[in-house]
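Report on the following structure.
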Amino acid sequence: MKLSNIQRFWISFVLSIPMLIQMLAMPFHWMFAGYNWWALITTTIIMAISAIPYWKSAWAAFKMHNANMNTLVAIGTAVAYFYSIFAMFTGREVYFESAAFVIIFVLLGDAMEEKMHNNASNALSKLLSLQAKDAEVKRGDDFVKLPLEQVQVGDLIRVKPGEKVPVDGQVVSGTTNIDESMVTGESLPVAKKSGDSVVGATINGSGMIVIKATKVGKDTMLAQIVEMVRVAQTSHAPIQNLTDQISHIFVPAVLIIAILTFVIWYVFLGATAVQAMLFAVSVVVIACPCALGLATPTALMVGTSRSAKMGILIKNGEVLQEVSKLDAVIFDKTGTITIGKPVVTDVVGDQTKILSLAASLEANSEHPLASAILQKAKEENLPLQAVEDFKAIEGQGITASIGGQAVSVGSSKLFAKEAISTELADKASKLQAQAKTIIFVGLGGQALGVIAIQDKPKENAQKAIAALKKRGPKTIMLTGDNPQVAQAIANEVGIDEVVAGLLPNEKAEHIQHLVHSGQKVAFVGDGINDAPALSSADVGIAMGAGSDIAIESGGIVLMQNDLMGVVRAIDMSKKTFNRIKLNLFWALIYNTIGIPIAAGLFIKFGLQLSPEFAGLAMAFSSVSVVTSSLLLNKAKIS
Amino acid sequence: MTISQILILLVAIALIIFIVWWFFAPRQEQAASGQIVNNQQIAEIVVNGGYSPSTIVLKKGIPAKVKFNLQDSTACLSRITFEQLGVNTALDKDQAATIEIPTDKATTFNFACGMDMFHGKVVVK
């Protein structure tokens, strides 16, 4: 006969009702006629259905020199049951109900725990089921509906409004808005046009687009997220080592405590053998260490999948534990604190003329600042003019001629000293003091005006840094930029400390230095050239999941390029880790208090646990730990 | 002290000594190797009150599968987890669960029950 735990529970529960009635009627001195026979028969059936699996498992474990919670359940129920049979035929008081209720409560606990465990792990498969089932793929001249497995890299796929994007890809034609919340946690739809990349399982808004598949199957972003969360959920947190050690000696130790309880009551305190036995059985039953074993894995499971839904991927339990005690959070400047794209902030002089001249020249340049000027000119709808004799002068700027006139765009070095008016030079140095890069624009050798360019901080950088500082850690910014520029940005967003002028490899060295000095540090970077720094820190936080390297070397990966994600990641890690600690605390407290009470240590104060209540308490402890972990789903995160 | 009390005391002391010896005395671990058929290694672990054998030794370089044959009806051993492999699966009494073990590197994969109370390992060498 194959019964599930919950079926066993219900059968046993129904069978135990007469005993329950008798227990409740006891105080009124009302006795069931032939109660002992009733109890014997029903308990025997309950034992046969429900207890024997525990006895078998315990015996198999015993033969392998192992002991576990089943050992405790088996000994507790077997002692109560077989003693009662002996007692019945020798005319003593019976304790069938203890054996029956202990097993019923244990079964209830097991069944509930199993159910909640399944709930928690189902969250992950739900994530994967977000994927579309089929895709409209171009075959020949037509788009045909194909199952997802048949889509290959390079295929052109049509995505209609309201449909899910089937795989990761790049938009080839059409424009639309896409709801990416399932991957990034960002609730606002993101505009997509030709050339933009899209992620599988996100939902297409109002436009029809054609995409070219870039990643399929196991390689898609969603598949990688699911894989990472799956690994994280089974990972170990270092705090767990404690329970691992305890679990090896716990059960044999409890058995010894139970024997001692019996001996002390019977031999030294003069209790009857039956009383001593009840104490010993209660000890065995209440000591089941399941709550201890469930404390960490269940919290990890819920915590990591909740974070994944917010676009925060936490690699493992170790990261979680490290994040909860950070001393400092170190940021990379470009692309992390700042947008990573320089923009024109000021133009001194005739804006139209200066911008148009500069843009015409910069159109031929590959300098990073050139794109900022071109962007600005495009925004202002300025036409570009044809240039001749284009020349790039290393470290100074560029020169060319437009309509026969010499045009120069670059640093002050490009101009003769007297070619820059004092007024212009003053304005330029003022802008420079605000950490802006200055470009002079000149016509016929005379400087006409100045363009100031700056890589601006991200919109919510200030808010995120403030929120972070409120949580305790110091904030540090590392950059290869010059100290003046770095300090100005730091002041604007509220960073505590700036280390500027670093070469890329020096960033990692600086972090190692901090780690060696005993500080717990996290490094936040966008990952493209930050991989060494990410892995040097105690916790590497990679932003904007752009590169695979970042995912490899980051302990936490933020799907969104948003600094608030750092705050959320820290909050979520802390919440999860605190939950683990709380769970462990309860599980331990529960055993350390439960065992002495069961052993009759507090009987003077009228505090005593009968075996059946010990069984109830035990079932309750594991259910409460799992419930507490599930409550993480409801925890408030900014 | 009555005779029966003294007797109980002696039995209890004997029992405690037995428990300590039975559970804590150093013992050789059970270990078994995988069977190789057609360039595929298969090993089976019986799950009943623990894992037997608790250690499986596999040869490096040959694709390997480890089957977990559940014979235990209690919730205790109903899941199997491989931390390094990110495996956390429910076991089924009717159908053995098969876990694929990467054998490209010599390493040790630890496995445990869902509550981390029972442990075993798969050694690739």
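For the structure tokens, the naming scheme is as follows: chains receive sequential letters (A, B, ...) according to their order of presentation, residues are indexed from 1 within each chain, and ligands are indexed from 1 in presentation order.
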Using only C-alpha atoms, find each residue in chain A having at least one atom no more than 7 Å away from chain B; report its shortest atom-to-atom pair and that distance in Å (one decimal), rows by chain then rising number, as CSV.
```
residue,atom,partner,partner_atom,distance
A:Pro53,CA,B:Ser73,CA,5.5
A:Tyr54,CA,B:Thr74,CA,6.2
A:Ser57,CA,B:Gly49,CA,4.3
A:Ala58,CA,B:Gly49,CA,5.8
A:Ala60,CA,B:Gly49,CA,4.8
A:Ala61,CA,B:Gly49,CA,4.0
A:His65,CA,B:Phe23,CA,5.2
A:Asn66,CA,B:Phe23,CA,6.5
A:Asp110,CA,B:Ala75,CA,5.9
A:Arg230,CA,B:Gly86,CA,5.7
A:Val231,CA,B:Gly86,CA,3.8
A:Thr234,CA,B:Glu83,CA,5.1
A:Ser235,CA,B:Glu83,CA,5.1
A:Ser247,CA,B:Met117,CA,6.0
A:Pro252,CA,B:Ile19,CA,6.6
A:Ile256,CA,B:Ile16,CA,5.9
A:Ile259,CA,B:Ala12,CA,6.3
A:Val263,CA,B:Leu9,CA,6.2
A:Val267,CA,B:Gln5,CA,5.2
A:Cys290,CA,B:Met115,CA,7.0
A:Gly293,CA,B:Met115,CA,4.6
A:Leu294,CA,B:Met115,CA,5.4
```
For A:Gly154, find every residue with an atom within 8 Å (counting only C-alpha atoms), except residues of its own chain fewer than 4 positions away, and show them as a PDB file with all heavy atoms, in the first residue's frame.
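Generated file (selection_6.pdb):
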```pdb
ATOM      1  N   LYS A 212      16.612  39.434 -34.508  1.00  0.00           N
ATOM      2  CA  LYS A 212      17.528  38.392 -34.945  1.00  0.00           C
ATOM      3  C   LYS A 212      17.982  37.684 -33.676  1.00  0.00           C
ATOM      4  O   LYS A 212      18.469  38.332 -32.734  1.00  0.00           O
ATOM      5  CB  LYS A 212      18.719  39.065 -35.637  1.00  0.00           C
ATOM      6  CG  LYS A 212      19.624  38.108 -36.342  1.00  0.00           C
ATOM      7  CD  LYS A 212      20.640  38.937 -37.115  1.00  0.00           C
ATOM      8  CE  LYS A 212      21.713  38.076 -37.710  1.00  0.00           C
ATOM      9  NZ  LYS A 212      22.740  38.893 -38.328  1.00  0.00           N
ATOM     10  N   ALA A 213      17.806  36.365 -33.626  1.00  0.00           N
ATOM     11  CA  ALA A 213      18.142  35.615 -32.408  1.00  0.00           C
ATOM     12  C   ALA A 213      19.649  35.630 -32.178  1.00  0.00           C
ATOM     13  O   ALA A 213      20.422  35.328 -33.082  1.00  0.00           O
ATOM     14  CB  ALA A 213      17.643  34.187 -32.522  1.00  0.00           C
ATOM     15  N   THR A 214      20.072  36.038 -30.964  1.00  0.00           N
ATOM     16  CA  THR A 214      21.501  36.022 -30.652  1.00  0.00           C
ATOM     17  C   THR A 214      21.833  34.923 -29.652  1.00  0.00           C
ATOM     18  O   THR A 214      22.931  34.399 -29.642  1.00  0.00           O
ATOM     19  CB  THR A 214      21.963  37.370 -30.077  1.00  0.00           C
ATOM     20  OG1 THR A 214      21.101  37.703 -28.988  1.00  0.00           O
ATOM     21  CG2 THR A 214      21.913  38.455 -31.126  1.00  0.00           C
TER      22      THR A 214
END
```
Give the strand (DSSP E or B) residues of stretch 33-118 of chain B, as assigned by DSSP on the backbone, as a VMD selection string. chain B and resid 33 35 to 36 41 to 47 51 to 52 55 to 58 64 to 70 79 to 82 87 to 90 97 to 101 107 to 113
Long-range neighbours of A:Ile465 as a list in words, 8 Å cut-off, only C-alpha atoms, 6 positions minimum in chain: Thr475, Val493, Gly494 and Ile495 of chain A
Output of the above residues as a PDB file, in the first residue's frame, restricted to all heavy atoms:
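Generated output (out.pdb):
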```pdb
ATOM      1  N   THR A 475      31.363  54.893   2.004  1.00  0.00           N
ATOM      2  CA  THR A 475      31.354  54.806   0.542  1.00  0.00           C
ATOM      3  C   THR A 475      32.653  55.368  -0.016  1.00  0.00           C
ATOM      4  O   THR A 475      33.119  56.425   0.413  1.00  0.00           O
ATOM      5  CB  THR A 475      30.167  55.575  -0.057  1.00  0.00           C
ATOM      6  OG1 THR A 475      30.169  56.898   0.483  1.00  0.00           O
ATOM      7  CG2 THR A 475      28.847  54.918   0.283  1.00  0.00           C
ATOM      8  N   VAL A 493      27.420  63.649  -5.367  1.00  0.00           N
ATOM      9  CA  VAL A 493      26.560  62.527  -4.975  1.00  0.00           C
ATOM     10  C   VAL A 493      26.717  62.139  -3.499  1.00  0.00           C
ATOM     11  O   VAL A 493      25.924  61.365  -2.976  1.00  0.00           O
ATOM     12  CB  VAL A 493      26.801  61.277  -5.850  1.00  0.00           C
ATOM     13  CG1 VAL A 493      26.476  61.569  -7.297  1.00  0.00           C
ATOM     14  CG2 VAL A 493      28.214  60.756  -5.709  1.00  0.00           C
ATOM     15  N   GLY A 494      27.758  62.689  -2.842  1.00  0.00           N
ATOM     16  CA  GLY A 494      27.879  62.444  -1.408  1.00  0.00           C
ATOM     17  C   GLY A 494      28.756  61.266  -1.021  1.00  0.00           C
ATOM     18  O   GLY A 494      28.604  60.696   0.050  1.00  0.00           O
ATOM     19  N   ILE A 495      29.700  60.923  -1.882  1.00  0.00           N
ATOM     20  CA  ILE A 495      30.644  59.840  -1.562  1.00  0.00           C
ATOM     21  C   ILE A 495      31.634  60.313  -0.496  1.00  0.00           C
ATOM     22  O   ILE A 495      32.075  61.450  -0.522  1.00  0.00           O
ATOM     23  CB  ILE A 495      31.411  59.424  -2.848  1.00  0.00           C
ATOM     24  CG1 ILE A 495      30.442  58.804  -3.845  1.00  0.00           C
ATOM     25  CG2 ILE A 495      32.606  58.562  -2.550  1.00  0.00           C
ATOM     26  CD1 ILE A 495      30.580  57.357  -4.050  1.00  0.00           C
TER      27      ILE A 495
END
```
Write down as a VMD selection string the residues of chain B whose backbone DSSP state falls under helix (DSSP H, G or I). chain B and resid 3 to 24 75 to 77
As a list in words, please: the residues near A:Ala587 (cut-off 8 Å, only C-alpha atoms, same-chain neighbours under 3 positions excluded). Pro289, Ala291, Leu292, Ala295, Asn583, Leu584, Tyr590, Asn591, Ser621 and Val625 of chain A
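With distances restricted to only C-alpha atoms, B:Val124 is the closest residue to B:Thr108 from B:Val124, B:Ala32, B:Ala14, B:Ile45.
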When distances are computed from only C-alpha atoms, which of A:Val226, A:Val567, A:Ala308, A:Val151 shows the smallest separation from A:Arg471? A:Val567
So, counting only C-alpha atoms, which residue among A:Leu503, A:Met182, A:Ala617, A:Val566 is closest to A:Met310? A:Met182
For B:Val122, which residue out of B:Thr107, B:Gln35, B:Asn69, B:Thr98 is the nearest one, using only C-alpha atoms?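 For B:Val122, the nearest of the given residues is B:Thr107.
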Residues within 9 Å of B:Val57, only C-alpha atoms, excluding chain neighbours under 5 positions, as a list of chain:residue names: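 Counting only the stated atoms, we get B:Ala31, B:Ala32, B:Ser33, B:Gly34, B:Ala43, B:Lys121, B:Val122, B:Val123, B:Val124, B:Lys125.
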If you count only C-alpha atoms, which residues fall within 10 Å of A:Leu3, apart from same-chain ones fewer than 5 positions away, as a VMD selection string? (chain A and resid 8 to 9 11 49 to 50) or (chain B and resid 73)
For the residues in that selection, give me N, CA, C and O atoms as a PDB file, in the first residue's frame.
```
ATOM      1  N   ARG A   8      -1.618   9.299   5.293  1.00  0.00           N
ATOM      2  CA  ARG A   8      -1.332   8.581   6.539  1.00  0.00           C
ATOM      3  C   ARG A   8      -1.807   9.381   7.728  1.00  0.00           C
ATOM      4  O   ARG A   8      -2.378   8.846   8.671  1.00  0.00           O
ATOM      5  N   PHE A   9      -1.558  10.696   7.639  1.00  0.00           N
ATOM      6  CA  PHE A   9      -1.965  11.554   8.739  1.00  0.00           C
ATOM      7  C   PHE A   9      -3.482  11.482   8.962  1.00  0.00           C
ATOM      8  O   PHE A   9      -3.952  11.295  10.073  1.00  0.00           O
ATOM      9  N   ILE A  11      -5.736   9.215   8.017  1.00  0.00           N
ATOM     10  CA  ILE A  11      -6.200   7.906   8.498  1.00  0.00           C
ATOM     11  C   ILE A  11      -5.905   7.762   9.983  1.00  0.00           C
ATOM     12  O   ILE A  11      -6.773   7.402  10.788  1.00  0.00           O
ATOM     13  N   ILE A  49       0.400   1.612   9.924  1.00  0.00           N
ATOM     14  CA  ILE A  49       0.375   2.488   8.750  1.00  0.00           C
ATOM     15  C   ILE A  49       1.459   3.554   8.829  1.00  0.00           C
ATOM     16  O   ILE A  49       2.161   3.811   7.860  1.00  0.00           O
ATOM     17  N   SER A  50       1.559   4.157  10.016  1.00  0.00           N
ATOM     18  CA  SER A  50       2.330   5.394  10.078  1.00  0.00           C
ATOM     19  C   SER A  50       3.694   5.265  10.735  1.00  0.00           C
ATOM     20  O   SER A  50       4.640   5.945  10.350  1.00  0.00           O
TER      21      SER A  50
ATOM     22  N   SER B  73      10.368   5.548   3.455  1.00  0.00           N
ATOM     23  CA  SER B  73       9.077   6.229   3.288  1.00  0.00           C
ATOM     24  C   SER B  73       8.945   7.484   4.131  1.00  0.00           C
ATOM     25  O   SER B  73       7.894   8.102   4.165  1.00  0.00           O
TER      26      SER B  73
END
```
Give me, please, the distance in Å between atom CA of A:Pro297 and atom CA of A:Asn70, quoted to one decimal.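 Computing it gives 19.9 Å between the two atoms.
Minimum atom-to-atom distances from A:Asn491, A:Ser307, A:Ser181, A:Asn316 to A:Pro238 were compared using only C-alpha atoms, and the lowest value belongs to A:Asn316.
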